$ cat protein-v3.txt   # compact mmCIF, C-alpha atoms
# COMPACT_ATOMS: atom_id res chain seq x y z
CA MET X 1 -0.85 4.34 -27.66
CA THR X 2 -0.59 0.80 -28.95
CA ALA X 3 -3.73 -1.07 -30.03
CA HIS X 4 -3.84 -4.80 -29.44
CA ASP X 5 -5.75 -7.53 -31.25
CA PRO X 6 -9.21 -7.95 -29.68
CA ALA X 7 -8.56 -11.70 -29.56
CA LEU X 8 -5.48 -11.07 -27.40
CA LEU X 9 -7.43 -8.87 -24.99
CA ALA X 10 -10.16 -11.52 -24.81
CA ALA X 11 -7.52 -14.14 -23.96
CA LEU X 12 -6.00 -11.93 -21.26
CA ALA X 13 -9.46 -11.35 -19.79
CA LYS X 14 -9.66 -15.08 -19.05
CA ILE X 15 -6.52 -14.99 -16.89
CA ASP X 16 -6.70 -13.76 -13.30
CA THR X 17 -4.59 -10.79 -12.24
CA PRO X 18 -2.18 -12.72 -9.97
CA THR X 19 -1.36 -14.99 -12.91
CA ILE X 20 -0.84 -11.94 -15.14
CA CYS X 21 1.62 -10.64 -12.52
CA ASN X 22 3.44 -14.01 -12.59
CA ALA X 23 3.90 -13.68 -16.34
CA LEU X 24 5.09 -10.08 -16.04
CA GLU X 25 7.76 -11.19 -13.59
CA GLU X 26 9.16 -13.32 -16.42
CA LEU X 27 8.79 -10.70 -19.14
CA VAL X 28 9.62 -7.34 -17.60
CA SER X 29 13.23 -6.32 -17.17
CA PRO X 30 14.47 -6.23 -13.55
CA ARG X 31 15.37 -2.60 -14.23
CA GLN X 32 11.69 -1.83 -14.69
CA LEU X 33 9.07 -1.73 -11.96
CA ILE X 34 6.13 -4.09 -12.36
CA ARG X 35 3.27 -1.78 -11.39
CA PHE X 36 0.47 -3.30 -9.33
CA THR X 37 -1.81 -2.28 -6.46
CA THR X 38 -0.65 -2.95 -2.92
CA LYS X 39 -3.75 -2.31 -0.81
CA PRO X 40 -7.06 -4.19 -0.59
CA PHE X 41 -10.20 -3.22 -2.49
CA VAL X 42 -13.94 -3.78 -2.21
CA THR X 43 -15.75 -5.18 -5.24
CA ASN X 44 -19.23 -4.69 -6.64
CA ASP X 45 -19.64 -7.63 -8.98
CA SER X 46 -19.10 -11.37 -9.27
CA PRO X 47 -16.06 -12.56 -7.28
CA ASP X 48 -14.76 -14.09 -10.51
CA ALA X 49 -15.10 -10.92 -12.59
CA ILE X 50 -11.97 -10.03 -14.60
CA PHE X 51 -11.64 -6.94 -16.77
CA ILE X 52 -9.02 -5.40 -19.02
CA GLY X 53 -8.81 -2.22 -21.06
CA TYR X 54 -6.99 0.99 -21.83
CA ALA X 55 -6.87 3.44 -18.94
CA ARG X 56 -8.97 6.57 -19.15
CA THR X 57 -7.73 8.48 -16.15
CA ALA X 58 -9.18 11.24 -13.99
CA MET X 59 -8.93 12.77 -10.53
CA ILE X 60 -11.81 13.64 -8.19
CA ARG X 61 -12.40 15.46 -4.89
CA ALA X 62 -15.35 15.39 -2.49
CA GLU X 63 -14.34 16.91 0.87
CA ALA X 64 -15.38 20.47 -0.01
CA PRO X 65 -17.50 22.22 -2.61
CA PRO X 66 -15.71 22.78 -5.93
CA SER X 67 -13.87 26.07 -6.35
CA MET X 68 -14.77 26.21 -10.06
CA SER X 69 -17.97 27.72 -11.36
CA PRO X 70 -20.98 25.49 -12.10
CA ALA X 71 -20.33 25.96 -15.82
CA GLU X 72 -16.68 24.94 -15.46
CA ARG X 73 -17.64 21.93 -13.36
CA LYS X 74 -20.20 20.81 -15.96
CA ALA X 75 -17.73 21.28 -18.82
CA LEU X 76 -15.04 19.23 -17.05
CA ARG X 77 -17.48 16.42 -16.26
CA LEU X 78 -18.54 16.34 -19.92
CA ARG X 79 -14.90 16.29 -21.03
CA TYR X 80 -14.35 13.29 -18.76
CA TYR X 81 -17.31 11.46 -20.33
CA GLU X 82 -16.00 12.23 -23.81
CA HIS X 83 -12.60 10.89 -22.76
CA VAL X 84 -13.87 7.54 -21.44
CA ALA X 85 -16.15 7.16 -24.46
CA THR X 86 -13.26 7.41 -26.96
CA ALA X 87 -13.61 4.20 -28.95
CA THR X 88 -10.06 3.85 -30.28
CA PRO X 89 -8.45 1.49 -29.52
CA GLY X 90 -10.85 0.27 -26.79
CA PRO X 91 -12.09 -1.29 -24.65
CA ASN X 92 -11.56 1.35 -21.98
CA VAL X 93 -11.25 1.13 -18.19
CA SER X 94 -11.99 4.14 -16.01
CA VAL X 95 -9.09 4.70 -13.60
CA ILE X 96 -9.97 7.42 -11.08
CA GLN X 97 -7.79 8.70 -8.26
CA ASP X 98 -9.56 10.32 -5.31
CA ILE X 99 -7.11 13.00 -4.14
CA ASP X 100 -8.93 14.01 -0.95
CA SER X 101 -6.98 13.87 2.31
CA THR X 102 -9.35 11.01 3.16
CA PRO X 103 -10.01 9.23 -0.14
CA GLY X 104 -13.56 7.94 -0.37
CA THR X 105 -15.19 10.82 1.53
CA GLY X 106 -17.69 11.09 -1.31
CA ALA X 107 -18.73 8.34 -3.73
CA PHE X 108 -18.47 9.16 -7.44
CA TRP X 109 -19.75 5.70 -8.35
CA GLY X 110 -23.28 4.38 -7.87
CA GLU X 111 -26.37 3.49 -9.88
CA VAL X 112 -26.14 6.48 -12.24
CA GLN X 113 -22.42 6.40 -13.02
CA THR X 114 -22.22 2.64 -13.58
CA THR X 115 -25.23 2.84 -15.92
CA VAL X 116 -23.75 5.78 -17.84
CA HIS X 117 -20.30 4.21 -18.15
CA LYS X 118 -21.67 0.81 -19.16
CA GLY X 119 -23.75 2.58 -21.80
CA LEU X 120 -20.63 4.32 -23.09
CA GLY X 121 -18.90 0.95 -23.51
CA VAL X 122 -16.49 1.21 -20.57
CA ALA X 123 -15.29 -2.21 -19.37
CA GLY X 124 -15.00 -1.42 -15.66
CA CYS X 125 -13.38 0.85 -13.10
CA VAL X 126 -10.37 0.93 -10.79
CA THR X 127 -10.44 3.59 -8.07
CA ASN X 128 -9.10 4.32 -4.61
CA GLY X 129 -12.33 6.22 -3.97
CA SER X 130 -15.66 4.93 -2.75
CA ILE X 131 -18.74 3.33 -4.31
CA ARG X 132 -22.39 3.05 -3.25
CA ASP X 133 -25.77 1.75 -4.49
CA LEU X 134 -24.44 -1.81 -4.70
CA SER X 135 -27.82 -3.42 -5.33
CA MET X 136 -28.76 -0.85 -8.00
CA MET X 137 -25.54 -0.72 -10.02
CA ALA X 138 -25.52 -1.65 -13.69
CA ARG X 139 -24.54 -5.28 -14.32
CA PRO X 140 -22.17 -6.47 -15.48
CA PHE X 141 -19.88 -3.56 -14.70
CA PRO X 142 -16.98 -4.80 -12.56
CA MET X 143 -15.28 -2.36 -10.23
CA ILE X 144 -12.62 -2.46 -7.56
CA ALA X 145 -12.72 0.47 -5.16
CA GLY X 146 -11.14 1.70 -1.96
CA MET X 147 -14.26 1.57 0.20
CA LEU X 148 -18.03 1.74 0.49
CA ASN X 149 -19.74 5.04 1.37
CA PRO X 150 -23.43 6.07 1.44
CA SER X 151 -22.97 9.71 0.34
CA HIS X 152 -21.49 11.46 -2.68
CA ALA X 153 -20.69 14.53 -0.53
CA PHE X 154 -19.24 17.23 -2.84
CA VAL X 155 -17.70 14.81 -5.35
CA HIS X 156 -16.53 16.40 -8.59
CA VAL X 157 -13.98 15.81 -11.35
CA VAL X 158 -10.87 18.01 -11.10
CA ALA X 159 -8.58 16.61 -13.84
CA VAL X 160 -8.87 14.37 -16.92
CA GLY X 161 -6.25 12.36 -18.79
CA VAL X 162 -3.55 12.78 -16.15
CA THR X 163 -1.15 10.34 -14.48
CA VAL X 164 -2.78 8.84 -11.40
CA SER X 165 -1.80 6.61 -8.48
CA ILE X 166 -4.21 3.95 -7.25
CA HIS X 167 -3.18 2.07 -4.10
CA GLY X 168 0.49 2.26 -5.03
CA MET X 169 0.02 1.65 -8.78
CA THR X 170 0.99 4.51 -11.09
CA VAL X 171 -1.10 4.61 -14.28
CA HIS X 172 -0.56 6.83 -17.31
CA ASP X 173 -3.53 7.58 -19.52
CA GLY X 174 -3.78 5.02 -22.33
CA GLU X 175 -1.90 2.21 -20.58
CA LEU X 176 -3.31 -1.32 -20.55
CA VAL X 177 -4.78 -2.20 -17.15
CA HIS X 178 -5.84 -5.66 -15.96
CA ALA X 179 -7.96 -6.12 -12.81
CA ASP X 180 -9.94 -8.55 -10.71
CA ARG X 181 -10.88 -8.89 -7.02
CA HIS X 182 -7.20 -9.24 -6.07
CA GLY X 183 -6.30 -5.80 -7.43
CA ALA X 184 -4.89 -4.41 -10.66
CA CYS X 185 -1.69 -4.19 -12.66
CA VAL X 186 -0.36 -2.34 -15.68
CA ILE X 187 0.60 -4.49 -18.68
CA PRO X 188 3.32 -2.83 -20.77
CA HIS X 189 2.21 -2.63 -24.39
CA ASP X 190 5.37 -4.29 -25.69
CA VAL X 191 4.93 -7.51 -23.70
CA ALA X 192 1.16 -7.99 -23.82
CA ALA X 193 1.24 -10.40 -26.76
CA LYS X 194 3.80 -12.61 -25.01
CA ILE X 195 1.73 -13.22 -21.88
CA PRO X 196 -0.42 -16.17 -23.09
CA ALA X 197 2.65 -18.25 -24.05
CA VAL X 198 4.44 -17.44 -20.79
CA ASN X 199 1.30 -18.25 -18.85
CA ASP X 200 1.12 -21.63 -20.57
CA LEU X 201 4.75 -22.34 -19.65
CA LEU X 202 4.28 -21.37 -16.01
CA THR X 203 1.07 -23.40 -15.79
CA ARG X 204 2.83 -26.52 -17.06
CA ARG X 205 5.63 -26.06 -14.55
CA GLU X 206 3.21 -25.54 -11.68
CA ALA X 207 1.20 -28.62 -12.72
CA VAL X 208 4.20 -30.86 -12.03
CA ILE X 209 4.61 -29.47 -8.50
CA LEU X 210 0.90 -29.46 -7.71
CA GLY X 211 0.48 -33.01 -8.99
CA ALA X 212 3.30 -34.19 -6.76
CA ALA X 213 1.99 -32.31 -3.71
CA ARG X 214 -1.42 -33.97 -4.05
CA LYS X 215 -0.05 -37.51 -4.06
CA ALA X 216 -0.68 -39.71 -1.03
CA ASP X 217 3.04 -40.49 -0.77
CA PHE X 218 4.15 -36.84 -1.03
CA SER X 219 7.42 -36.17 0.77
CA ILE X 220 10.42 -33.90 0.60
CA ASP X 221 12.08 -36.36 -1.81
CA VAL X 222 9.04 -36.30 -4.10
CA LEU X 223 9.03 -32.52 -3.92
CA ARG X 224 12.72 -32.33 -4.77
CA GLU X 225 12.15 -34.49 -7.85
CA ALA X 226 9.13 -32.44 -8.92
CA LEU X 227 11.02 -29.17 -8.61
CA SER X 228 13.78 -30.60 -10.76
CA LYS X 229 11.32 -31.77 -13.44
CA ALA X 230 9.57 -28.38 -13.44
CA GLU X 231 12.85 -26.61 -14.12
CA GLU X 232 13.33 -28.76 -17.22
CA ILE X 233 10.10 -27.54 -18.82
CA HIS X 234 10.72 -24.80 -21.38

$ encode --input "protein-v3.txt" --output "structure tokens"
Amino acid sequence: MTAHDPALLAALAKIDTPTICNALEELVSPRQLIRFTTKPFVTNDSPDAIFIGYARTAMIRAEAPPSMSPAERKALRLRYYEHVATATPGPNVSVIQDIDSTPGTGAFWGEVQTTVHKGLGVAGCVTNGSIRDLSMMARPFPMIAGMLNPSHAFVHVVAVGVTVSIHGMTVHDGELVHADRHGACVIPHDVAAKIPAVNDLLTRREAVILGAARKADFSIDVLREALSKAEEIH
């Protein structure tokens, strides 16, 4: 696992996820897959909430009672808490895949879990499962989830620290994950430090086109000129 400068993570937390994806399109080799979510989420926090951290992964089920003994279930839940609470390098993001045939049948997340995770220093959560207790959740604790659900059914942890898939995005434990209301993406460790500079470049290029498009005399000729000027910005 690669640890990044806290100042870098703070800078990335000020950039929305679509813009992060724009930068990754410039930085990641075409031979690599830029990993991002491809289905919509519900959110529990401010529409402008952005969070970033190192993935602490797990899998859950809720459709049927657990096959493990109560002692085994308790031990696995505690192991999950210990995993998300690991401080190095931090901050951490809980990334939980619901592997039920109908993900979201039972909500793992509500008032208790958001309060516990916030207390453990977790930055937020990405899950294809469900959430509940919206008005009673700890704040701020941003989450994006697959759906809302009033019941936790038989929800229980079945695996910790494994590779998961959330709405089309594969995440390995320890990878850097960036998320907001649009969805989430994985930031490869080796390009994270390059994102602010690339974001600045793309912003300056876009500013030329946006400025032209907002002019009263905007036309195809003005657009053609603006596109040409944007290409000259390096």

$ closest_atom_pairs --input "protein-v3.txt" --of "stretch 61-110 of chain X" --to "stretch 48-57 of chain X" --cutoff "6 Å" --atoms "only C-alpha atoms" --output "CSV"
residue,atom,partner,partner_atom,distance
X:Val84,CA,X:Arg56,CA,5.5
X:Pro91,CA,X:Gly53,CA,5.0
X:Asn92,CA,X:Tyr54,CA,4.6
X:Val93,CA,X:Ala55,CA,5.0
X:Ser94,CA,X:Arg56,CA,5.0
X:Val95,CA,X:Thr57,CA,4.8
X:Ile96,CA,X:Thr57,CA,5.6

$ write_last_selection --input "protein-v3.txt" --atoms "C-alpha atoms" --output "JSON list (two decimals), in the coordinates of the input"
[["chain", "number", "residue", "atom", "x", "y", "z"],
["X", 84, "VAL", "CA", -13.87, 7.54, -21.44],
["X", 91, "PRO", "CA", -12.09, -1.29, -24.65],
["X", 92, "ASN", "CA", -11.56, 1.35, -21.98],
["X", 93, "VAL", "CA", -11.25, 1.13, -18.19],
["X", 94, "SER", "CA", -11.99, 4.14, -16.01],
["X", 95, "VAL", "CA", -9.09, 4.70, -13.60],
["X", 96, "ILE", "CA", -9.97, 7.42, -11.08]]

$ residues_around --input "protein-v3.txt" --residues "stretch 99-112 of chain X" --least-positions-apart "2" --cutoff "7 Å" --atoms "only C-alpha atoms" --output "JSON, numbers by chain"
{"X": [59, 60, 61, 62, 63, 97, 114, 115, 116, 128, 129, 130, 131, 132, 133, 136, 137, 138, 146, 147, 149, 151, 152, 153, 154, 155]}

$ closest_residue --input "protein-v3.txt" --among "X:Asp16, X:Asp200, X:Asp217, X:Asp173" --to "X:Pro47" --atoms "only C-alpha atoms"
X:Asp16

$ atom_distance --input "protein-v3.txt" --atom1 "atom CA of X:Ala145" --atom2 "atom CA of X:Thr38"
12.7 Å

$ residues_near_point --input "protein-v3.txt" --point "(-20.8, -3.3, -8.0)" --cutoff "6 Å" --atoms "all atoms listed in the file" --output "ChimeraX atom specification"
/X:44-45,134,137

$ residues_around --input "protein-v3.txt" --residues "stretch 185-191 of chain X" --least-positions-apart "4" --cutoff "6 Å" --atoms "all atoms listed in the file" --output "mmCIF file with C-alpha atoms, in the coordinates of the input"
data_model
loop_
_atom_site.group_PDB
_atom_site.id
_atom_site.type_symbol
_atom_site.label_atom_id
_atom_site.label_comp_id
_atom_site.auth_asym_id
_atom_site.auth_seq_id
_atom_site.Cartn_x
_atom_site.Cartn_y
_atom_site.Cartn_z
ATOM 1 C CA ARG X 35 3.270 -1.780 -11.390
ATOM 2 C CA PHE X 36 0.470 -3.300 -9.330
ATOM 3 C CA LEU X 176 -3.310 -1.320 -20.550
ATOM 4 C CA VAL X 177 -4.780 -2.200 -17.150
ATOM 5 C CA HIS X 178 -5.840 -5.660 -15.960
#

$ residues_around --input "protein-v3.txt" --residues "X:Ala197" --least-positions-apart "4" --cutoff "12 Å" --atoms "all atoms listed in the file" --output "PyMOL selection string"
chain X and resi 8+11-12+20+23-24+26-27+191-193+201-204+234

$ atom_distance --input "protein-v3.txt" --atom1 "atom CA of X:Pro65" --atom2 "atom CA of X:Gly161"
22.0 Å

$ atom_distance --input "protein-v3.txt" --atom1 "atom CA of X:His117" --atom2 "atom CA of X:Cys21"
27.1 Å

$ closest_residue --input "protein-v3.txt" --among "X:Ala123, X:Ala184, X:Pro70, X:Leu78" --to "X:Gly168" --atoms "all atoms listed in the file"
X:Ala184

$ closest_residue --input "protein-v3.txt" --among "X:Val198, X:Val122, X:Ile209, X:Ile220" --to "X:Ile15" --atoms "all atoms listed in the file"
X:Val198

$ closest_residue --input "protein-v3.txt" --among "X:Asn22, X:Leu148, X:Ala87, X:Pro142" --to "X:Leu120" --atoms "all atoms listed in the file"
X:Ala87

$ build_atoms --input "protein-v3.txt" --residues "stretch 165-176 of chain X" --atoms "all heavy atoms" --output "mmCIF file, in the frame of the given file"
data_model
loop_
_atom_site.group_PDB
_atom_site.id
_atom_site.type_symbol
_atom_site.label_atom_id
_atom_site.label_comp_id
_atom_site.auth_asym_id
_atom_site.auth_seq_id
_atom_site.Cartn_x
_atom_site.Cartn_y
_atom_site.Cartn_z
ATOM 1 N N SER X 165 -2.350 7.670 -9.335
ATOM 2 C CA SER X 165 -1.800 6.610 -8.480
ATOM 3 C C SER X 165 -2.945 5.980 -7.706
ATOM 4 O O SER X 165 -3.656 6.666 -6.958
ATOM 5 C CB SER X 165 -0.762 7.193 -7.513
ATOM 6 O OG SER X 165 -0.243 6.172 -6.668
ATOM 7 N N ILE X 166 -3.118 4.687 -7.889
ATOM 8 C CA ILE X 166 -4.210 3.950 -7.250
ATOM 9 C C ILE X 166 -3.621 2.867 -6.355
ATOM 10 O O ILE X 166 -3.074 1.878 -6.845
ATOM 11 C CB ILE X 166 -5.138 3.295 -8.284
ATOM 12 C CG1 ILE X 166 -5.583 4.302 -9.348
ATOM 13 C CG2 ILE X 166 -6.329 2.638 -7.582
ATOM 14 C CD1 ILE X 166 -6.479 5.405 -8.834
ATOM 15 N N HIS X 167 -3.685 3.072 -5.052
ATOM 16 C CA HIS X 167 -3.180 2.070 -4.100
ATOM 17 C C HIS X 167 -1.766 1.609 -4.460
ATOM 18 O O HIS X 167 -1.469 0.407 -4.476
ATOM 19 C CB HIS X 167 -4.131 0.888 -4.019
ATOM 20 C CG HIS X 167 -5.364 1.173 -3.227
ATOM 21 N ND1 HIS X 167 -6.265 0.195 -2.876
ATOM 22 C CD2 HIS X 167 -5.862 2.311 -2.693
ATOM 23 C CE1 HIS X 167 -7.257 0.724 -2.179
ATOM 24 N NE2 HIS X 167 -7.025 2.008 -2.057
ATOM 25 N N GLY X 168 -0.903 2.569 -4.749
ATOM 26 C CA GLY X 168 0.490 2.260 -5.030
ATOM 27 C C GLY X 168 0.815 1.987 -6.484
ATOM 28 O O GLY X 168 1.984 1.834 -6.833
ATOM 29 N N MET X 169 -0.185 1.934 -7.348
ATOM 30 C CA MET X 169 0.020 1.650 -8.780
ATOM 31 C C MET X 169 -0.091 2.939 -9.582
ATOM 32 O O MET X 169 -1.159 3.563 -9.623
ATOM 33 C CB MET X 169 -1.020 0.642 -9.273
ATOM 34 C CG MET X 169 -0.915 0.320 -10.753
ATOM 35 S SD MET X 169 -2.229 -0.810 -11.335
ATOM 36 C CE MET X 169 -3.692 0.248 -11.205
ATOM 37 N N THR X 170 1.003 3.344 -10.212
ATOM 38 C CA THR X 170 0.990 4.510 -11.090
ATOM 39 C C THR X 170 0.442 4.107 -12.458
ATOM 40 O O THR X 170 0.849 3.088 -13.018
ATOM 41 C CB THR X 170 2.403 5.089 -11.260
ATOM 42 O OG1 THR X 170 2.883 5.516 -9.976
ATOM 43 C CG2 THR X 170 2.410 6.277 -12.210
ATOM 44 N N VAL X 171 -0.485 4.899 -12.973
ATOM 45 C CA VAL X 171 -1.100 4.610 -14.280
ATOM 46 C C VAL X 171 -1.072 5.877 -15.125
ATOM 47 O O VAL X 171 -1.545 6.932 -14.701
ATOM 48 C CB VAL X 171 -2.557 4.129 -14.129
ATOM 49 C CG1 VAL X 171 -3.133 3.773 -15.505
ATOM 50 C CG2 VAL X 171 -2.652 2.945 -13.188
ATOM 51 N N HIS X 172 -0.532 5.744 -16.333
ATOM 52 C CA HIS X 172 -0.560 6.830 -17.310
ATOM 53 C C HIS X 172 -1.754 6.609 -18.235
ATOM 54 O O HIS X 172 -2.096 5.469 -18.572
ATOM 55 C CB HIS X 172 0.728 6.867 -18.116
ATOM 56 C CG HIS X 172 1.963 6.936 -17.265
ATOM 57 N ND1 HIS X 172 2.258 8.029 -16.476
ATOM 58 C CD2 HIS X 172 2.967 6.046 -17.067
ATOM 59 C CE1 HIS X 172 3.399 7.816 -15.843
ATOM 60 N NE2 HIS X 172 3.848 6.614 -16.179
ATOM 61 N N ASP X 173 -2.366 7.674 -18.633
ATOM 62 C CA ASP X 173 -3.530 7.580 -19.520
ATOM 63 C C ASP X 173 -3.158 6.783 -20.769
ATOM 64 O O ASP X 173 -2.114 6.997 -21.384
ATOM 65 C CB ASP X 173 -3.984 8.980 -19.917
ATOM 66 C CG ASP X 173 -5.365 8.981 -20.525
ATOM 67 O OD1 ASP X 173 -6.343 8.811 -19.791
ATOM 68 O OD2 ASP X 173 -5.465 9.141 -21.758
ATOM 69 N N GLY X 174 -4.004 5.830 -21.131
ATOM 70 C CA GLY X 174 -3.780 5.020 -22.330
ATOM 71 C C GLY X 174 -3.069 3.702 -22.078
ATOM 72 O O GLY X 174 -2.978 2.879 -22.992
ATOM 73 N N GLU X 175 -2.573 3.475 -20.862
ATOM 74 C CA GLU X 175 -1.900 2.210 -20.580
ATOM 75 C C GLU X 175 -2.921 1.080 -20.427
ATOM 76 O O GLU X 175 -4.094 1.304 -20.111
ATOM 77 C CB GLU X 175 -1.043 2.323 -19.323
ATOM 78 C CG GLU X 175 0.168 3.216 -19.507
ATOM 79 C CD GLU X 175 1.136 3.147 -18.350
ATOM 80 O OE1 GLU X 175 0.701 3.339 -17.191
ATOM 81 O OE2 GLU X 175 2.327 2.913 -18.594
ATOM 82 N N LEU X 176 -2.448 -0.141 -20.652
ATOM 83 C CA LEU X 176 -3.310 -1.320 -20.550
ATOM 84 C C LEU X 176 -3.367 -1.769 -19.101
ATOM 85 O O LEU X 176 -2.333 -2.043 -18.478
ATOM 86 C CB LEU X 176 -2.760 -2.431 -21.437
ATOM 87 C CG LEU X 176 -3.646 -3.658 -21.665
ATOM 88 C CD1 LEU X 176 -4.955 -3.261 -22.324
ATOM 89 C CD2 LEU X 176 -2.913 -4.685 -22.522
#
